[in-house]
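Note sheet for the following structure.
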Amino acid sequence: MIKSTTSLVLFYLLFAGCAKEKFSSESNWLAPLIETELTLGNLIPDSLIRKNNDNTIDIVFEEAYGITSIQDILVIPDRIDSIEVTLSSLVLEDRSFIDTLTLQEIYPASVFLNGQKADLPAQDVQTNQGTKLDVSKEFFSTATFVQGWIDITISNDLPVTAELMEFELINDDGTNTVVASGTFTDLAPNTTQTQSYTLAGKTVKGKLELRVKRVKTKASDEPVLIDIKKGLRITFGVRGLKPQSATAVFPAQNLVERNDETTYSFGGAELTQVNVKTGSILMKVESSIEEAIILQYKISQSSSPGQSGPIYKEWKIPAAPKGQRIFIEERFPIDGFVIHLYGEKNSVAPYFNHVYNELAAKIEYTGIERTLSLSDKIKIEFGLVDVIPELVIGDPGLHNFTIKDSLELPALKNFKGNLSLEDASLELNFYNSFGIESLITTNEIIGQNTGSNKNVKLTSPALSTPILLKRAVNLGTSVKPDEQTLILNKGNSNIKQFIENLPDQIVPNIQVKVRPNGTLNQSDFAFDYSKLLVNFKLEVPLIVGLEDLTVTETRKSNLFEYEQISNVKEAKLSVLASNDFPIEAVLELTFLDDNGVIMATAFKGENNSIEEAETDPITGKTSSARQSELVAKLSRSDMLAIQNATQIRITGCFSTTDAKRYKMYSDYRIKLKIVSDITYENKL
């Protein structure tokens with residue numbers, strides 16, 4: 001969490017800049033390797049520096065963490081409902097068909113009297129012959145019925161009474177299966193009689209035969225007008241047809257209708273409204289039905305500013321080839337829609353976590369003959385998926401969670417020694433832009449120095465009292481957050497000792513209780529940009545004292561890569577330093593191979609001190625730079641070892657006189673020049 005400390009600054013001030021450049025050597029008697037000038041401004045990121053009017057420097061570091069998204073406390077789960085049904089019903093349209101048993105068929109001799117008035121004798125005709133009827137276009141080619149009726153109506157257009165008519169209606173398919181049979185009696189002229197027969201459990205063909213087994217008529221009382229085309233008019237009507245299976249031209253009809261309330265679980269939350277930022281309706285269909293299906297899905301309690309109605313989608317599922325299945329999968333985006341979660345009506349419980357949806361599967365009239373059966377199946381998977389909310393409203397539920405994520409400061413792992421600060425302060429800003437109350441309890445904040453295995457707990461009376469963050473205020477186009485701030489300094493906390501421990505890990509233990517006091521009318525809310533944060537702002541005036549503060553850095557090395565070592569008699573590696581800082585530094589360079597084995601050292605135990613500049617006793621600022629020269633002698637074997645090394649470990653040990661604290665100024669600098677002085681052997 002604290003990404004910058006004075007010890008880290010001092011290390012990089014003296015050495016990090018040097019390590020940025022590639023060591024190389026020319027074959028000169030005196031070869032400059034590096035020349036550079038370093039200041040605090042060069043080495044500390046601008047985001048961490050605050051320069052004061054007197055050129056003193058403060059280190060300012062800010063880090064915020066907590067709940068940065070609505071999805072940290074609420075996830076809308078995918079909810080896929082699956083139904084697999086056979087066709088619950090099939091419907092055929094009511095139809096009718098008319099045929100006439102004429103006078104000529106009943107009394108063939110009447111043909112000689114057609115158009116004349118004459119006496120009609122009584123008739124009693126018995127036969128097994130019938131009339132072929134093809135109603136496959138009007139009715140169906142074949143059908144087996146679960147339910148249905150055939151209505152047979154006899155209208156007597158004869159001028160005499162029909163005393164008796166016996167009939168059979170049979171399938172004209174060689175089986176002669178009787179569909180219906182019956183008897184009509186005493187049918188006076190110009191009157192009508194109707195009889196109904198159930199078709200349940202029967203298979204009926206579109207090609208039928210009507211057999212009038214017996215017709216008996218009375219004689220006329222006086223001469224009557226003879227019309228051989230008139231007779232007994234037979235009307236066949238079918239109604240209420242629900243087939244088990246049928247080959248027919250089916251009318252438009254609903255095959256599946258499902259109105260249901262889908263229940264969602266939000267981990268204890270009770271939501272009444274979700275504004276969808278992004279999301280989709282998933283629809284997967286598997287069908288063996290030999291007819292195109294129109295699939296309709298609607299969430300009636302939904303709306304969108306850019307739409308005229310609720311969430312609605314219609315899919316057309318092609319007809320399945322005979323004996324095969326088809327598979328369809330589609331996603332329909334519902335971005336920007338508002339979904340109310342009170343079910344079908346907001347006046348009837350349940351009032352939350354319920355999405356009312358309507359699903360219908362239907363066939364449209366195509367004029368094409370199809371074979372459908374109630375055993376045909378359709379499997380439908382549907383529901384909301386990948387929903388990310390823009391806004392949720394309701395009761396979020398009581399939630400407790402703890403923030404324990406460690407903040408790693410790996411750069412500080414290389415530091416050893418003691419640091420003394422003049423002052424430090426830590427501002428804790430608690431920020432809530434959720435429309436939900438939250439209670440924040442800081443159990444502890446631990447600074448861990450894993451190198452020394454020393455932990456320091458941040459203590460202050462201000463941390464012992466829980467902080468209640470009130471609900472943000474919804475202003476329509478924005479929200480007004482609730483904020484509270486704690487300031488910890490050396491007067492009310494141990495923040496100075498906390499930082500002087502040089503922690504490389506900050507481990508907080510902050511407990512958050514969401515909605516601790518309940519909710520009012522399920523009116524809490526959260527936007528997708530809502531946040532619940534603890535912002536850490538650390539300020540350290542750069543007034544420091546150091547005692548044997550040791551910093552180690554290891555990086556790649558290729559020094560003397562191109563030198564002809566065999567021609568070198570001896571060499572010197574010199575560091576010329578001009579130091580404005582009131583800090584003494586002791587330098588050591590260690591050269592290593594890939595396995596970390598030491599190949600050579602330089603500036604170890606001698607000629608390794610960069611002296612500090614003297615300070616003005618009145619102003620506390622250094623008056624002039626202190627010059628130092630560090631010289632390391634290298635033998636031919638040393639140079640060969642350095643040339644073969646792949647890594648260089650730079651160790652700096654820093655101290656201020658008697659660990660006294662000094663202000664650091666932005667115009668302090670160190671000028672460094674590193675040169676090699678090589679003596680070659682002359683060979684003739």
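Ordering of the structure tokens sets the chain letters (A, B, ...), residue numbers begin anew at 1 in every chain, and ligands are numbered from 1 in the order given.
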
Could you pull the residues within 8 Å of range 659-669 of chain A, counting only C-alpha atoms, minus those fewer than 5 positions along the same chain, as a VMD selection string?
chain A and resid 37 to 41 51 55 to 57 420 to 422 542 to 547 579 to 582 620 to 621

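Residues within 6 Å of range 460-474 of chain A, counting only C-alpha atoms and excluding same-chain residues fewer than 2 positions away, are Ser433, Phe434, Gly435, Ile436, Glu437, Ser438, Leu439, Ile440, Thr441, Gly476, Val479, Lys480, Pro481, Asp482, Asn492 and Ser493 of chain A.
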
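As for CA of Asn501 in chain A and CA of Ile403 in chain A, they are spaced 22.7 Å apart.
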
What's the 12 Å shell around Asn535 in chain A, counting only C-alpha atoms, without same-chain residues fewer than 4 positions away, as a ChimeraX atom specification?
/A:1-2,61-68,426-432,483-487,531

Keeping only N, CA and C atoms, write the selected residues as a PDB file, in the first residue's frame.
ATOM      1  N   MET A   1       0.826  -1.188   0.000  1.00  0.00           N
ATOM      2  CA  MET A   1       0.000   0.000   0.000  1.00  0.00           C
ATOM      3  C   MET A   1       0.864   1.243   0.000  1.00  0.00           C
ATOM      4  N   ILE A   2       1.972   1.235   0.808  1.00  0.00           N
ATOM      5  CA  ILE A   2       2.865   2.381   0.834  1.00  0.00           C
ATOM      6  C   ILE A   2       3.967   2.091  -0.145  1.00  0.00           C
ATOM      7  N   PHE A  61       1.765   9.359  -0.995  1.00  0.00           N
ATOM      8  CA  PHE A  61       1.347   8.116  -1.653  1.00  0.00           C
ATOM      9  C   PHE A  61      -0.120   7.859  -1.349  1.00  0.00           C
ATOM     10  N   GLU A  62      -0.885   7.513  -2.376  1.00  0.00           N
ATOM     11  CA  GLU A  62      -2.305   7.207  -2.203  1.00  0.00           C
ATOM     12  C   GLU A  62      -2.617   5.845  -2.807  1.00  0.00           C
ATOM     13  N   GLU A  63      -3.417   5.113  -2.100  1.00  0.00           N
ATOM     14  CA  GLU A  63      -3.863   3.805  -2.584  1.00  0.00           C
ATOM     15  C   GLU A  63      -5.268   3.570  -2.055  1.00  0.00           C
ATOM     16  N   ALA A  64      -6.162   3.151  -2.927  1.00  0.00           N
ATOM     17  CA  ALA A  64      -7.548   2.874  -2.524  1.00  0.00           C
ATOM     18  C   ALA A  64      -7.898   1.442  -2.891  1.00  0.00           C
ATOM     19  N   TYR A  65      -8.626   0.798  -2.014  1.00  0.00           N
ATOM     20  CA  TYR A  65      -9.146  -0.513  -2.363  1.00  0.00           C
ATOM     21  C   TYR A  65     -10.420  -0.759  -1.580  1.00  0.00           C
ATOM     22  N   GLY A  66     -11.147  -1.732  -2.031  1.00  0.00           N
ATOM     23  CA  GLY A  66     -12.440  -2.033  -1.442  1.00  0.00           C
ATOM     24  C   GLY A  66     -13.353  -2.616  -2.503  1.00  0.00           C
ATOM     25  N   ILE A  67     -14.614  -2.218  -2.497  1.00  0.00           N
ATOM     26  CA  ILE A  67     -15.599  -2.694  -3.467  1.00  0.00           C
ATOM     27  C   ILE A  67     -15.686  -1.657  -4.576  1.00  0.00           C
ATOM     28  N   THR A  68     -15.262  -2.032  -5.753  1.00  0.00           N
ATOM     29  CA  THR A  68     -15.212  -1.085  -6.865  1.00  0.00           C
ATOM     30  C   THR A  68     -16.250  -1.378  -7.935  1.00  0.00           C
ATOM     31  N   LEU A 426      -1.168   9.613   8.094  1.00  0.00           N
ATOM     32  CA  LEU A 426      -1.951   8.730   7.242  1.00  0.00           C
ATOM     33  C   LEU A 426      -3.410   9.173   7.314  1.00  0.00           C
ATOM     34  N   GLU A 427      -3.943   9.501   6.151  1.00  0.00           N
ATOM     35  CA  GLU A 427      -5.356   9.888   6.069  1.00  0.00           C
ATOM     36  C   GLU A 427      -6.150   8.714   5.519  1.00  0.00           C
ATOM     37  N   LEU A 428      -7.170   8.300   6.257  1.00  0.00           N
ATOM     38  CA  LEU A 428      -8.056   7.225   5.822  1.00  0.00           C
ATOM     39  C   LEU A 428      -9.389   7.852   5.438  1.00  0.00           C
ATOM     40  N   ASN A 429      -9.693   7.784   4.152  1.00  0.00           N
ATOM     41  CA  ASN A 429     -10.951   8.336   3.652  1.00  0.00           C
ATOM     42  C   ASN A 429     -11.884   7.181   3.309  1.00  0.00           C
ATOM     43  N   PHE A 430     -13.040   7.147   3.969  1.00  0.00           N
ATOM     44  CA  PHE A 430     -14.039   6.110   3.734  1.00  0.00           C
ATOM     45  C   PHE A 430     -15.118   6.700   2.822  1.00  0.00           C
ATOM     46  N   TYR A 431     -15.376   6.013   1.713  1.00  0.00           N
ATOM     47  CA  TYR A 431     -16.206   6.573   0.633  1.00  0.00           C
ATOM     48  C   TYR A 431     -17.283   5.563   0.247  1.00  0.00           C
ATOM     49  N   ASN A 432     -18.533   6.018   0.192  1.00  0.00           N
ATOM     50  CA  ASN A 432     -19.645   5.122  -0.149  1.00  0.00           C
ATOM     51  C   ASN A 432     -20.554   5.793  -1.167  1.00  0.00           C
ATOM     52  N   GLU A 483     -19.043  10.400   2.727  1.00  0.00           N
ATOM     53  CA  GLU A 483     -17.612  10.267   2.973  1.00  0.00           C
ATOM     54  C   GLU A 483     -17.300  10.628   4.421  1.00  0.00           C
ATOM     55  N   GLN A 484     -16.362   9.894   5.007  1.00  0.00           N
ATOM     56  CA  GLN A 484     -15.853  10.210   6.337  1.00  0.00           C
ATOM     57  C   GLN A 484     -14.345   9.986   6.328  1.00  0.00           C
ATOM     58  N   THR A 485     -13.631  10.813   7.109  1.00  0.00           N
ATOM     59  CA  THR A 485     -12.180  10.800   7.057  1.00  0.00           C
ATOM     60  C   THR A 485     -11.585  10.694   8.455  1.00  0.00           C
ATOM     61  N   LEU A 486     -10.562   9.851   8.582  1.00  0.00           N
ATOM     62  CA  LEU A 486      -9.737   9.773   9.788  1.00  0.00           C
ATOM     63  C   LEU A 486      -8.320  10.187   9.427  1.00  0.00           C
ATOM     64  N   ILE A 487      -7.696  11.012  10.281  1.00  0.00           N
ATOM     65  CA  ILE A 487      -6.309  11.415  10.053  1.00  0.00           C
ATOM     66  C   ILE A 487      -5.475  10.903  11.219  1.00  0.00           C
ATOM     67  N   LYS A 531     -19.211   2.544  -5.490  1.00  0.00           N
ATOM     68  CA  LYS A 531     -17.985   2.071  -4.863  1.00  0.00           C
ATOM     69  C   LYS A 531     -18.094   2.205  -3.347  1.00  0.00           C
TER      70      LYS A 531
END

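Near Val597 in chain A, within 12 Å and counting only C-alpha atoms, sit Thr590, Phe591, Leu592, Ala641, Asn644, Ala645, Thr646, Gln647, Ile648 and Arg649 of chain A; same-chain residues fewer than 5 positions away were not included.
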
Would you mind exporting the chosen residues as an mmCIF file, in the first residue's frame, restricted to N, CA and C atoms?
data_model
loop_
_atom_site.group_PDB
_atom_site.id
_atom_site.type_symbol
_atom_site.label_atom_id
_atom_site.label_comp_id
_atom_site.auth_asym_id
_atom_site.auth_seq_id
_atom_site.Cartn_x
_atom_site.Cartn_y
_atom_site.Cartn_z
ATOM 1 N N THR A 590 29.567 -6.810 -6.067
ATOM 2 C CA THR A 590 29.843 -8.246 -6.092
ATOM 3 C C THR A 590 29.404 -8.787 -7.444
ATOM 4 N N PHE A 591 30.301 -9.507 -8.121
ATOM 5 C CA PHE A 591 30.025 -10.056 -9.452
ATOM 6 C C PHE A 591 29.747 -11.555 -9.324
ATOM 7 N N LEU A 592 28.655 -12.018 -9.939
ATOM 8 C CA LEU A 592 28.161 -13.385 -9.758
ATOM 9 C C LEU A 592 27.960 -14.058 -11.112
ATOM 10 N N ALA A 641 37.442 -12.645 -14.122
ATOM 11 C CA ALA A 641 36.269 -13.098 -13.375
ATOM 12 C C ALA A 641 35.077 -12.169 -13.624
ATOM 13 N N ASN A 644 33.556 -12.745 -16.974
ATOM 14 C CA ASN A 644 32.757 -13.972 -17.055
ATOM 15 C C ASN A 644 31.487 -13.909 -16.201
ATOM 16 N N ALA A 645 31.393 -12.871 -15.363
ATOM 17 C CA ALA A 645 30.207 -12.738 -14.512
ATOM 18 C C ALA A 645 29.009 -12.309 -15.355
ATOM 19 N N THR A 646 27.831 -12.758 -14.968
ATOM 20 C CA THR A 646 26.595 -12.394 -15.672
ATOM 21 C C THR A 646 25.694 -11.496 -14.835
ATOM 22 N N GLN A 647 26.037 -11.357 -13.524
ATOM 23 C CA GLN A 647 25.220 -10.532 -12.645
ATOM 24 C C GLN A 647 26.129 -9.659 -11.790
ATOM 25 N N ILE A 648 25.597 -8.508 -11.410
ATOM 26 C CA ILE A 648 26.296 -7.641 -10.470
ATOM 27 C C ILE A 648 25.346 -7.309 -9.331
ATOM 28 N N ARG A 649 25.824 -7.506 -8.106
ATOM 29 C CA ARG A 649 25.038 -7.169 -6.930
ATOM 30 C C ARG A 649 25.617 -5.899 -6.326
#

Near-Thr177 in chain A list (12 Å; only C-alpha atoms; drop same-chain fewer than 4 positions) as a list of chain:residue names:
A:Glu168, A:Leu169, A:Ile170, A:Asn171, A:Asp172, A:Asp173, A:Ser181, A:Lys202, A:Thr203, A:Val204, A:Lys205, A:Lys207, A:Leu208, A:Glu209, A:Leu210

Produce a file of the selected residues containing C-alpha atoms, as a short mmCIF file (atom, residue, chain, number, x, y, z; two decimals), in the first residue's frame.
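What follows is the written file out_20.cif:
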data_model
loop_
_atom_site.label_atom_id
_atom_site.label_comp_id
_atom_site.auth_asym_id
_atom_site.auth_seq_id
_atom_site.Cartn_x
_atom_site.Cartn_y
_atom_site.Cartn_z
CA GLU A 168 -72.77 -46.59 -42.64
CA LEU A 169 -69.75 -44.34 -43.11
CA ILE A 170 -66.65 -46.49 -43.68
CA ASN A 171 -62.97 -45.93 -44.50
CA ASP A 172 -62.39 -46.57 -48.18
CA ASP A 173 -58.99 -48.20 -47.64
CA SER A 181 -73.51 -45.78 -38.49
CA LYS A 202 -60.91 -43.87 -34.22
CA THR A 203 -58.73 -43.59 -37.27
CA VAL A 204 -60.45 -41.82 -40.11
CA LYS A 205 -59.26 -41.63 -43.70
CA LYS A 207 -61.31 -41.19 -48.56
CA LEU A 208 -64.61 -42.57 -47.29
CA GLU A 209 -67.59 -44.50 -48.58
CA LEU A 210 -71.16 -43.64 -47.59
#
